[in-house]
>>> print(open('upload-v5.cif').read())   # mmCIF, C-alpha atoms, pLDDT in the B column; chains and numbers go by the auth columns
data_coords
#
loop_
_atom_site.group_PDB
_atom_site.id
_atom_site.type_symbol
_atom_site.label_atom_id
_atom_site.label_comp_id
_atom_site.label_asym_id
_atom_site.label_seq_id
_atom_site.Cartn_x
_atom_site.Cartn_y
_atom_site.Cartn_z
_atom_site.B_iso_or_equiv
_atom_site.auth_seq_id
_atom_site.auth_asym_id
ATOM 1 C CA MET A 1 -45.984 12.115 33.784 96.00 1 A
ATOM 2 C CA THR A 2 -43.830 14.845 32.225 95.00 2 A
ATOM 3 C CA CYS A 3 -40.388 16.311 32.736 94.00 3 A
ATOM 4 C CA VAL A 4 -41.777 19.861 32.871 93.00 4 A
ATOM 5 C CA GLY A 5 -40.563 21.866 35.852 91.00 5 A
ATOM 6 C CA SER A 6 -39.267 18.873 37.812 94.00 6 A
ATOM 7 C CA THR A 7 -35.807 17.813 38.912 96.00 7 A
ATOM 8 C CA ARG A 8 -34.756 14.169 38.877 97.00 8 A
ATOM 9 C CA ASP A 9 -35.274 13.987 42.640 97.00 9 A
ATOM 10 C CA GLN A 10 -38.790 15.395 42.329 97.00 10 A
ATOM 11 C CA LEU A 11 -39.587 12.861 39.629 97.00 11 A
ATOM 12 C CA ARG A 12 -38.275 10.077 41.870 97.00 12 A
ATOM 13 C CA GLU A 13 -40.442 11.329 44.729 97.00 13 A
ATOM 14 C CA TYR A 14 -43.517 11.238 42.524 97.00 14 A
ATOM 15 C CA LEU A 15 -42.688 7.757 41.249 98.00 15 A
ATOM 16 C CA ARG A 16 -42.188 6.427 44.772 98.00 16 A
ATOM 17 C CA ALA A 17 -45.587 7.829 45.779 98.00 17 A
ATOM 18 C CA ALA A 18 -47.220 6.292 42.688 98.00 18 A
ATOM 19 C CA GLU A 19 -45.601 2.934 43.441 97.00 19 A
ATOM 20 C CA GLU A 20 -46.849 3.017 47.027 97.00 20 A
ATOM 21 C CA ARG A 21 -50.383 3.671 45.786 97.00 21 A
ATOM 22 C CA GLY A 22 -50.353 0.671 43.494 97.00 22 A
ATOM 23 C CA VAL A 23 -49.980 2.424 40.143 98.00 23 A
ATOM 24 C CA ASP A 24 -48.842 -0.099 37.554 97.00 24 A
ATOM 25 C CA TYR A 25 -48.263 1.954 34.377 97.00 25 A
ATOM 26 C CA ILE A 26 -46.730 5.368 33.742 98.00 26 A
ATOM 27 C CA VAL A 27 -47.260 7.424 30.577 98.00 27 A
ATOM 28 C CA ALA A 28 -43.801 8.977 30.214 98.00 28 A
ATOM 29 C CA LEU A 29 -43.709 12.250 28.257 97.00 29 A
ATOM 30 C CA ARG A 30 -41.289 15.110 27.900 94.00 30 A
ATOM 31 C CA GLY A 31 -44.219 17.507 28.046 91.00 31 A
ATOM 32 C CA ASP A 32 -45.031 20.746 26.273 83.00 32 A
ATOM 33 C CA PRO A 33 -43.287 24.038 27.039 77.00 33 A
ATOM 34 C CA PRO A 34 -44.895 25.845 29.985 75.00 34 A
ATOM 35 C CA GLN A 35 -47.617 28.346 29.135 74.00 35 A
ATOM 36 C CA GLY A 36 -46.147 31.487 27.636 73.00 36 A
ATOM 37 C CA GLU A 37 -42.987 29.767 26.405 77.00 37 A
ATOM 38 C CA THR A 38 -42.312 28.512 22.880 72.00 38 A
ATOM 39 C CA THR A 39 -39.474 26.061 23.533 80.00 39 A
ATOM 40 C CA PHE A 40 -38.914 23.387 26.150 85.00 40 A
ATOM 41 C CA THR A 41 -36.017 23.931 28.526 85.00 41 A
ATOM 42 C CA ALA A 42 -35.157 21.453 31.255 88.00 42 A
ATOM 43 C CA VAL A 43 -34.866 22.875 34.766 88.00 43 A
ATOM 44 C CA GLU A 44 -31.524 22.557 36.516 92.00 44 A
ATOM 45 C CA GLY A 45 -31.204 18.977 37.660 93.00 45 A
ATOM 46 C CA GLY A 46 -34.089 17.911 35.429 93.00 46 A
ATOM 47 C CA LEU A 47 -34.557 15.918 32.235 95.00 47 A
ATOM 48 C CA GLY A 48 -34.779 17.237 28.715 92.00 48 A
ATOM 49 C CA TYR A 49 -36.122 14.254 26.772 94.00 49 A
ATOM 50 C CA ALA A 50 -38.759 11.563 27.208 97.00 50 A
ATOM 51 C CA ASN A 51 -36.234 8.761 26.650 97.00 51 A
ATOM 52 C CA GLU A 52 -34.331 10.024 29.709 97.00 52 A
ATOM 53 C CA LEU A 53 -37.507 9.752 31.778 98.00 53 A
ATOM 54 C CA VAL A 54 -38.138 6.253 30.428 98.00 54 A
ATOM 55 C CA GLU A 55 -34.579 5.265 31.307 98.00 55 A
ATOM 56 C CA LEU A 56 -34.930 6.602 34.859 98.00 56 A
ATOM 57 C CA ILE A 57 -38.199 4.711 35.407 98.00 57 A
ATOM 58 C CA ARG A 58 -36.936 1.476 33.918 98.00 58 A
ATOM 59 C CA LYS A 59 -33.685 1.547 35.906 98.00 59 A
ATOM 60 C CA GLU A 60 -34.954 2.711 39.286 98.00 60 A
ATOM 61 C CA PHE A 61 -38.631 1.666 39.289 98.00 61 A
ATOM 62 C CA PRO A 62 -38.709 -1.571 37.281 97.00 62 A
ATOM 63 C CA SER A 63 -42.150 -2.598 38.544 96.00 63 A
ATOM 64 C CA PHE A 64 -43.836 0.011 36.333 98.00 64 A
ATOM 65 C CA GLY A 65 -44.980 -0.617 32.810 98.00 65 A
ATOM 66 C CA ILE A 66 -44.144 2.362 30.615 98.00 66 A
ATOM 67 C CA LEU A 67 -46.171 3.943 27.810 98.00 67 A
ATOM 68 C CA VAL A 68 -44.717 6.545 25.450 98.00 68 A
ATOM 69 C CA ALA A 69 -46.115 8.773 22.727 97.00 69 A
ATOM 70 C CA GLY A 70 -45.816 8.209 18.986 97.00 70 A
ATOM 71 C CA TYR A 71 -46.713 10.634 16.217 97.00 71 A
ATOM 72 C CA PRO A 72 -48.319 9.297 13.007 96.00 72 A
ATOM 73 C CA GLU A 73 -48.019 12.742 11.394 95.00 73 A
ATOM 74 C CA VAL A 74 -44.617 13.608 12.946 91.00 74 A
ATOM 75 C CA HIS A 75 -44.083 15.625 16.118 90.00 75 A
ATOM 76 C CA GLN A 76 -44.417 19.348 15.433 86.00 76 A
ATOM 77 C CA GLU A 77 -40.882 20.012 16.730 87.00 77 A
ATOM 78 C CA ALA A 78 -39.207 17.326 14.602 88.00 78 A
ATOM 79 C CA SER A 79 -37.590 18.544 11.412 88.00 79 A
ATOM 80 C CA ASP A 80 -38.526 15.384 9.508 91.00 80 A
ATOM 81 C CA ALA A 81 -40.066 11.928 9.921 93.00 81 A
ATOM 82 C CA LYS A 82 -36.713 10.137 10.221 95.00 82 A
ATOM 83 C CA ILE A 83 -35.605 12.235 13.177 95.00 83 A
ATOM 84 C CA ASP A 84 -39.008 11.727 14.786 95.00 84 A
ATOM 85 C CA MET A 85 -38.739 7.959 14.313 97.00 85 A
ATOM 86 C CA ASP A 86 -35.189 7.941 15.704 96.00 86 A
ATOM 87 C CA ASN A 87 -36.524 9.656 18.826 96.00 87 A
ATOM 88 C CA LEU A 88 -39.236 7.027 19.172 98.00 88 A
ATOM 89 C CA VAL A 89 -36.710 4.210 18.790 98.00 89 A
ATOM 90 C CA ARG A 90 -34.674 5.781 21.602 97.00 90 A
ATOM 91 C CA LYS A 91 -37.706 5.719 23.876 98.00 91 A
ATOM 92 C CA VAL A 92 -38.416 2.092 23.089 98.00 92 A
ATOM 93 C CA ASP A 93 -34.775 1.096 23.491 98.00 93 A
ATOM 94 C CA ALA A 94 -34.741 2.872 26.868 98.00 94 A
ATOM 95 C CA GLY A 95 -37.480 0.529 28.089 98.00 95 A
ATOM 96 C CA ALA A 96 -40.920 1.563 26.824 98.00 96 A
ATOM 97 C CA ASP A 97 -43.505 -1.239 26.778 98.00 97 A
ATOM 98 C CA VAL A 98 -46.275 0.348 24.692 98.00 98 A
ATOM 99 C CA ILE A 99 -46.630 3.223 22.213 98.00 99 A
ATOM 100 C CA VAL A 100 -49.830 5.295 22.263 98.00 100 A
ATOM 101 C CA THR A 101 -50.227 7.660 19.331 98.00 101 A
ATOM 102 C CA GLN A 102 -51.148 11.283 19.073 97.00 102 A
ATOM 103 C CA LEU A 103 -54.635 11.878 17.698 96.00 103 A
ATOM 104 C CA PHE A 104 -55.208 11.578 13.937 97.00 104 A
ATOM 105 C CA TYR A 105 -58.212 11.624 11.618 97.00 105 A
ATOM 106 C CA ASP A 106 -57.037 9.521 8.667 97.00 106 A
ATOM 107 C CA ASN A 107 -56.355 5.858 9.391 98.00 107 A
ATOM 108 C CA ASP A 108 -53.905 5.687 6.494 97.00 108 A
ATOM 109 C CA ASP A 109 -51.595 7.922 8.537 97.00 109 A
ATOM 110 C CA PHE A 110 -51.665 5.422 11.391 98.00 110 A
ATOM 111 C CA PHE A 111 -51.090 2.352 9.249 98.00 111 A
ATOM 112 C CA ARG A 112 -48.198 4.071 7.455 97.00 112 A
ATOM 113 C CA PHE A 113 -46.723 4.990 10.843 97.00 113 A
ATOM 114 C CA ARG A 114 -47.130 1.414 12.087 98.00 114 A
ATOM 115 C CA ASP A 115 -45.306 0.078 9.035 98.00 115 A
ATOM 116 C CA ASP A 116 -42.508 2.601 9.578 98.00 116 A
ATOM 117 C CA CYS A 117 -42.187 1.494 13.206 98.00 117 A
ATOM 118 C CA VAL A 118 -41.843 -2.144 12.167 98.00 118 A
ATOM 119 C CA ALA A 119 -39.253 -1.173 9.551 98.00 119 A
ATOM 120 C CA ALA A 120 -37.322 0.679 12.277 98.00 120 A
ATOM 121 C CA GLY A 121 -37.205 -2.472 14.402 98.00 121 A
ATOM 122 C CA ILE A 122 -39.903 -1.520 16.909 98.00 122 A
ATOM 123 C CA ARG A 123 -41.748 -4.556 18.238 97.00 123 A
ATOM 124 C CA VAL A 124 -43.811 -3.201 21.156 98.00 124 A
ATOM 125 C CA PRO A 125 -47.594 -2.786 20.772 98.00 125 A
ATOM 126 C CA ILE A 126 -48.717 0.405 19.004 98.00 126 A
ATOM 127 C CA VAL A 127 -52.077 1.690 20.228 98.00 127 A
ATOM 128 C CA PRO A 128 -53.851 4.351 18.123 98.00 128 A
ATOM 129 C CA GLY A 129 -55.208 7.409 19.929 98.00 129 A
ATOM 130 C CA LEU A 130 -58.515 8.923 18.799 97.00 130 A
ATOM 131 C CA LEU A 131 -60.177 12.180 19.804 96.00 131 A
ATOM 132 C CA PRO A 132 -63.848 12.222 18.758 96.00 132 A
ATOM 133 C CA VAL A 133 -64.821 15.560 17.249 95.00 133 A
ATOM 134 C CA LEU A 134 -67.434 17.425 19.270 94.00 134 A
ATOM 135 C CA SER A 135 -67.480 20.522 17.080 94.00 135 A
ATOM 136 C CA LEU A 136 -65.524 22.085 14.223 93.00 136 A
ATOM 137 C CA LYS A 137 -64.271 24.873 16.485 93.00 137 A
ATOM 138 C CA GLN A 138 -63.025 22.385 19.076 92.00 138 A
ATOM 139 C CA VAL A 139 -61.131 20.183 16.642 93.00 139 A
ATOM 140 C CA GLN A 140 -59.593 23.097 14.730 93.00 140 A
ATOM 141 C CA ARG A 141 -58.201 24.475 17.984 92.00 141 A
ATOM 142 C CA ILE A 142 -56.772 21.125 19.107 92.00 142 A
ATOM 143 C CA THR A 143 -55.303 20.142 15.746 92.00 143 A
ATOM 144 C CA SER A 144 -53.646 23.547 15.432 87.00 144 A
ATOM 145 C CA LEU A 145 -51.715 22.774 18.618 83.00 145 A
ATOM 146 C CA CYS A 146 -50.432 19.363 17.513 85.00 146 A
ATOM 147 C CA LYS A 147 -50.371 19.925 13.729 84.00 147 A
ATOM 148 C CA ALA A 148 -52.705 17.020 12.985 91.00 148 A
ATOM 149 C CA LYS A 149 -54.476 17.133 9.611 94.00 149 A
ATOM 150 C CA LEU A 150 -58.220 17.108 9.082 94.00 150 A
ATOM 151 C CA PRO A 151 -59.467 15.364 5.905 95.00 151 A
ATOM 152 C CA ALA A 152 -61.046 17.899 3.552 95.00 152 A
ATOM 153 C CA ALA A 153 -64.245 15.868 3.121 95.00 153 A
ATOM 154 C CA PHE A 154 -64.682 15.657 6.890 95.00 154 A
ATOM 155 C CA VAL A 155 -64.191 19.405 7.310 94.00 155 A
ATOM 156 C CA ALA A 156 -66.721 20.035 4.538 94.00 156 A
ATOM 157 C CA LYS A 157 -69.273 17.863 6.319 93.00 157 A
ATOM 158 C CA LEU A 158 -68.702 19.720 9.598 93.00 158 A
ATOM 159 C CA GLU A 159 -69.034 23.094 7.833 93.00 159 A
ATOM 160 C CA LYS A 160 -72.221 22.012 6.089 91.00 160 A
ATOM 161 C CA ASN A 161 -73.750 20.959 9.408 82.00 161 A
ATOM 162 C CA ASP A 162 -73.124 24.188 11.240 81.00 162 A
ATOM 163 C CA ASP A 163 -75.218 23.526 14.362 91.00 163 A
ATOM 164 C CA ILE A 164 -73.500 21.882 17.328 93.00 164 A
ATOM 165 C CA ASP A 165 -75.714 18.778 17.452 94.00 165 A
ATOM 166 C CA SER A 166 -75.131 17.987 13.781 94.00 166 A
ATOM 167 C CA GLN A 167 -71.377 18.497 14.131 95.00 167 A
ATOM 168 C CA PHE A 168 -71.363 16.206 17.170 95.00 168 A
ATOM 169 C CA ALA A 169 -73.200 13.514 15.183 95.00 169 A
ATOM 170 C CA ALA A 170 -70.760 13.895 12.265 95.00 170 A
ATOM 171 C CA GLY A 171 -67.837 13.574 14.691 96.00 171 A
ATOM 172 C CA VAL A 172 -69.236 10.364 16.165 96.00 172 A
ATOM 173 C CA GLU A 173 -69.839 8.959 12.675 96.00 173 A
ATOM 174 C CA HIS A 174 -66.267 9.711 11.608 97.00 174 A
ATOM 175 C CA ALA A 175 -64.713 8.301 14.784 97.00 175 A
ATOM 176 C CA LEU A 176 -66.879 5.180 14.566 96.00 176 A
ATOM 177 C CA ALA A 177 -65.635 4.539 11.030 96.00 177 A
ATOM 178 C CA GLN A 178 -62.056 5.113 12.206 97.00 178 A
ATOM 179 C CA THR A 179 -62.520 2.761 15.141 97.00 179 A
ATOM 180 C CA GLN A 180 -63.967 -0.034 13.046 95.00 180 A
ATOM 181 C CA GLY A 181 -61.246 0.387 10.430 96.00 181 A
ATOM 182 C CA LEU A 182 -58.524 0.209 13.067 96.00 182 A
ATOM 183 C CA ILE A 183 -60.035 -2.890 14.663 95.00 183 A
ATOM 184 C CA ASP A 184 -60.265 -4.518 11.256 94.00 184 A
ATOM 185 C CA GLY A 185 -56.608 -3.546 10.749 95.00 185 A
ATOM 186 C CA GLY A 186 -55.550 -5.581 13.773 95.00 186 A
ATOM 187 C CA VAL A 187 -54.686 -2.918 16.353 96.00 187 A
ATOM 188 C CA PRO A 188 -54.055 -4.237 19.893 96.00 188 A
ATOM 189 C CA GLY A 189 -56.412 -1.649 21.405 95.00 189 A
ATOM 190 C CA ILE A 190 -57.593 1.943 21.022 96.00 190 A
ATOM 191 C CA HIS A 191 -57.028 4.883 23.357 97.00 191 A
ATOM 192 C CA PHE A 192 -59.788 7.501 23.325 97.00 192 A
ATOM 193 C CA TYR A 193 -58.927 11.042 24.342 96.00 193 A
ATOM 194 C CA VAL A 194 -62.156 11.664 26.229 93.00 194 A
ATOM 195 C CA LEU A 195 -61.202 15.018 27.847 89.00 195 A
ATOM 196 C CA ASN A 196 -63.928 14.600 30.477 91.00 196 A
ATOM 197 C CA LYS A 197 -66.650 14.343 27.815 91.00 197 A
ATOM 198 C CA SER A 198 -67.577 10.689 27.502 94.00 198 A
ATOM 199 C CA THR A 199 -70.878 10.810 25.582 95.00 199 A
ATOM 200 C CA ALA A 200 -69.312 10.605 22.116 95.00 200 A
ATOM 201 C CA THR A 201 -66.981 7.759 23.073 95.00 201 A
ATOM 202 C CA SER A 202 -69.865 5.838 24.652 95.00 202 A
ATOM 203 C CA GLN A 203 -71.839 6.129 21.415 95.00 203 A
ATOM 204 C CA ILE A 204 -68.825 5.026 19.377 95.00 204 A
ATOM 205 C CA LEU A 205 -68.260 1.951 21.521 93.00 205 A
ATOM 206 C CA ALA A 206 -71.932 1.047 21.326 92.00 206 A
ATOM 207 C CA GLY A 207 -71.775 1.376 17.556 91.00 207 A
ATOM 208 C CA VAL A 208 -68.683 -0.806 17.266 88.00 208 A
ATOM 209 C CA THR A 209 -70.313 -3.487 19.386 70.00 209 A
ATOM 210 C CA GLY A 210 -73.279 -3.492 17.022 52.00 210 A
ATOM 211 C CA LEU A 211 -71.064 -3.720 13.939 53.00 211 A
ATOM 212 C CA ASN A 212 -69.168 -6.686 15.388 53.00 212 A
ATOM 213 C CA ARG A 213 -72.143 -8.823 16.351 47.00 213 A
#
>>> encode(input="upload-v5.cif", output="structure tokens")
Amino acid sequence: MTCVGSTRDQLREYLRAAEERGVDYIVALRGDPPQGETTFTAVEGGLGYANELVELIRKEFPSFGILVAGYPEVHQEASDAKIDMDNLVRKVDAGADVIVTQLFYDNDDFFRFRDDCVAAGIRVPIVPGLLPVLSLKQVQRITSLCKAKLPAAFVAKLEKNDDIDSQFAAGVEHALAQTQGLIDGGVPGIHFYVLNKSTATSQILAGVTGLNR
């Protein structure tokens, strides 16, 4: 659920409908600027920040659990990591129950982010978000939008295997190693950005099950 293009009353209407349908958790986001625009501007009567949306949900719809986004490599609009962390603390203080991270491809970035969250006083669960790579073209497009880094060795492997099947296999291998490393690092869960293409994630989960037997 985002703040994009909606007034407070429209957000309340949506939340009431979700509550009536038995929804139990809301992912509360500010949202990206509408297509064709470079900056986010709240509509008249709307909300400008995710913490405001969290606050509205927590105050007026307390039955919902609330998930918010965290950024291991810093949100692309934040001028530095401290400001980004301050924004995350505001969301948690407003009532967030769980943090789910933006995608990343180096687990060290996640573990560093988790340590920074603890140092900032955040105590809610932090769930890493992974997007399995299906092809070099796909991941370069997506990471360019969110400013996530791709490890040089991983890019080299994808470039060396320039057919789509080989790149898919390399993406599964990398995500499987990430998944196992995160589990070994004690994460409370993992969120996979499937994007309606579940084959890679299914293979990863099957591989993790085998590793853990």
>>> atom_distance(input="upload-v5.cif", atom1="atom CA of A:Thr39", atom2="atom CA of A:Glu77")
9.2 Å
>>> residues_around(input="upload-v5.cif", residues="A:Val98", least_positions_apart="2", cutoff="9 Å", atoms="only C-alpha atoms", output="ChimeraX atom specification")
/A:65-69,92,96,100,124-127
>>> write_last_selection(input="upload-v5.cif", atoms="C-alpha atoms", output="PDB file, in the frame of the given file")
ATOM      1  CA  GLY A  65     -44.980  -0.617  32.810  1.00 98.00           C
ATOM      2  CA  ILE A  66     -44.144   2.362  30.615  1.00 98.00           C
ATOM      3  CA  LEU A  67     -46.171   3.943  27.810  1.00 98.00           C
ATOM      4  CA  VAL A  68     -44.717   6.545  25.450  1.00 98.00           C
ATOM      5  CA  ALA A  69     -46.115   8.773  22.727  1.00 97.00           C
ATOM      6  CA  VAL A  92     -38.416   2.092  23.089  1.00 98.00           C
ATOM      7  CA  ALA A  96     -40.920   1.563  26.824  1.00 98.00           C
ATOM      8  CA  VAL A 100     -49.830   5.295  22.263  1.00 98.00           C
ATOM      9  CA  VAL A 124     -43.811  -3.201  21.156  1.00 98.00           C
ATOM     10  CA  PRO A 125     -47.594  -2.786  20.772  1.00 98.00           C
ATOM     11  CA  ILE A 126     -48.717   0.405  19.004  1.00 98.00           C
ATOM     12  CA  VAL A 127     -52.077   1.690  20.228  1.00 98.00           C
TER      13      VAL A 127
END
>>> resolve_selection(input="upload-v5.cif", expression="the PyMOL selection byres ((chain A and resi 50) around 6)", output="PyMOL selection string")
chain A and resi 29-30+49+51-53
>>> residues_around(input="upload-v5.cif", residues="stretch 9-20 of chain A", least_positions_apart="3", cutoff="9 Å", atoms="only C-alpha atoms", output="list in words")
Met1, Thr2, Cys3, Ser6, Val23, Asp24, Ile26, Gly45, Gly46, Leu53, Leu56, Ile57, Glu60, Phe61, Ser63 and Phe64 of chain A
>>> residues_around(input="upload-v5.cif", residues="A:Ala156", least_positions_apart="5", cutoff="10 Å", atoms="all atoms listed in the file", output="PyMOL selection string")
chain A and resi 136+151+161
>>> closest_residue(input="upload-v5.cif", among="A:Glu173, A:Asp32, A:Asp163, A:Glu55", to="A:Asp93", atoms="all atoms listed in the file")
A:Glu55
>>> closest_residue(input="upload-v5.cif", among="A:Pro132, A:Lys59, A:Val4, A:Lys147", to="A:Thr201", atoms="all atoms listed in the file")
A:Pro132
>>> atom_distance(input="upload-v5.cif", atom1="atom CA of A:His191", atom2="atom CA of A:Val133")
14.6 Å
>>> resolve_selection(input="upload-v5.cif", expression="the PyMOL selection byres ((chain A and resi 134) around 12)", output="PyMOL selection string")
chain A and resi 131-133+135-142+158+162-175+193-195+197-201
>>> atom_distance(input="upload-v5.cif", atom1="atom CA of A:Gln178", atom2="atom CA of A:Gly121")
26.1 Å
>>> residues_around(input="upload-v5.cif", residues="A:Phe113", least_positions_apart="2", cutoff="10 Å", atoms="only C-alpha atoms", output="PyMOL selection string")
chain A and resi 70-74+81+85+101+107-111+115-119+126
>>> decode(input="upload-v5.cif", residues="stretch 122-205 of chain A", atoms="C-alpha atoms", output="compact mmCIF listing (two decimals), in the first residue's frame")
# COMPACT_ATOMS: atom_id res chain seq x y z
CA ILE A 122 15.49 -0.92 16.34
CA ARG A 123 14.22 -4.18 17.83
CA VAL A 124 11.61 -5.40 15.32
CA PRO A 125 12.41 -8.36 13.04
CA ILE A 126 14.44 -7.51 9.91
CA VAL A 127 13.64 -9.76 6.95
CA PRO A 128 16.04 -9.71 3.97
CA GLY A 129 14.53 -9.37 0.50
CA LEU A 130 16.08 -11.29 -2.40
CA LEU A 131 15.41 -11.05 -6.12
CA PRO A 132 16.84 -14.06 -7.97
CA VAL A 133 18.59 -13.03 -11.17
CA LEU A 134 16.95 -14.39 -14.30
CA SER A 135 19.27 -12.65 -16.74
CA LEU A 136 21.97 -9.97 -16.78
CA LYS A 137 19.72 -7.59 -18.71
CA GLN A 138 16.90 -8.02 -16.19
CA VAL A 139 19.01 -7.42 -13.11
CA GLN A 140 20.88 -4.45 -14.59
CA ARG A 141 17.56 -2.76 -15.35
CA ILE A 142 16.14 -3.40 -11.87
CA THR A 143 19.28 -2.45 -9.95
CA SER A 144 19.57 0.77 -11.94
CA LEU A 145 16.16 1.79 -10.58
CA CYS A 146 16.97 1.15 -6.92
CA LYS A 147 20.75 1.75 -7.00
CA ALA A 148 21.60 -1.71 -5.68
CA LYS A 149 25.15 -2.93 -6.38
CA LEU A 150 26.07 -6.07 -8.26
CA PRO A 151 29.28 -7.84 -7.13
CA ALA A 152 31.90 -7.68 -9.88
CA ALA A 153 32.58 -11.43 -9.78
CA PHE A 154 28.87 -12.16 -10.19
CA VAL A 155 28.57 -9.80 -13.15
CA ALA A 156 31.63 -11.42 -14.74
CA LYS A 157 30.03 -14.85 -14.40
CA LEU A 158 26.80 -13.60 -15.99
CA GLU A 159 28.74 -11.99 -18.86
CA LYS A 160 30.77 -15.14 -19.43
CA ASN A 161 27.58 -17.21 -19.65
CA ASP A 162 25.85 -15.10 -22.24
CA ASP A 163 22.94 -17.43 -23.07
CA ILE A 164 19.73 -17.04 -21.06
CA ASP A 165 19.70 -20.56 -19.59
CA SER A 166 23.25 -20.24 -18.27
CA GLN A 167 22.53 -16.82 -16.78
CA PHE A 168 19.40 -18.22 -15.12
CA ALA A 169 21.45 -21.06 -13.60
CA ALA A 170 24.10 -18.60 -12.38
CA GLY A 171 21.37 -16.46 -10.81
CA VAL A 172 19.91 -19.43 -8.96
CA GLU A 173 23.37 -20.45 -7.75
CA HIS A 174 24.08 -16.96 -6.42
CA ALA A 175 20.70 -16.60 -4.72
CA LEU A 176 21.00 -20.07 -3.18
CA ALA A 177 24.35 -19.12 -1.65
CA GLN A 178 22.83 -15.86 -0.39
CA THR A 179 19.86 -17.69 1.09
CA GLN A 180 21.96 -20.25 2.90
CA GLY A 181 24.29 -17.55 4.21
CA LEU A 182 21.37 -15.52 5.53
CA ILE A 183 19.81 -18.54 7.22
CA ASP A 184 23.14 -19.37 8.81
CA GLY A 185 23.30 -15.72 9.94
CA GLY A 186 20.09 -16.10 11.93
CA VAL A 187 17.56 -14.14 9.87
CA PRO A 188 13.91 -14.54 10.98
CA GLY A 189 12.78 -15.27 7.42
CA ILE A 190 13.45 -14.35 3.79
CA HIS A 191 11.21 -12.47 1.37
CA PHE A 192 11.65 -13.42 -2.29
CA TYR A 193 10.71 -10.89 -4.94
CA VAL A 194 9.21 -13.43 -7.33
CA LEU A 195 7.66 -10.96 -9.83
CA ASN A 196 5.32 -13.66 -11.15
CA LYS A 197 8.24 -15.92 -12.09
CA SER A 198 8.48 -18.62 -9.45
CA THR A 199 10.75 -21.22 -11.09
CA ALA A 200 14.01 -19.77 -9.77
CA THR A 201 12.68 -19.36 -6.23
CA SER A 202 11.34 -22.92 -6.26
CA GLN A 203 14.78 -24.22 -7.22
CA ILE A 204 16.43 -22.12 -4.52
CA LEU A 205 14.10 -23.41 -1.83
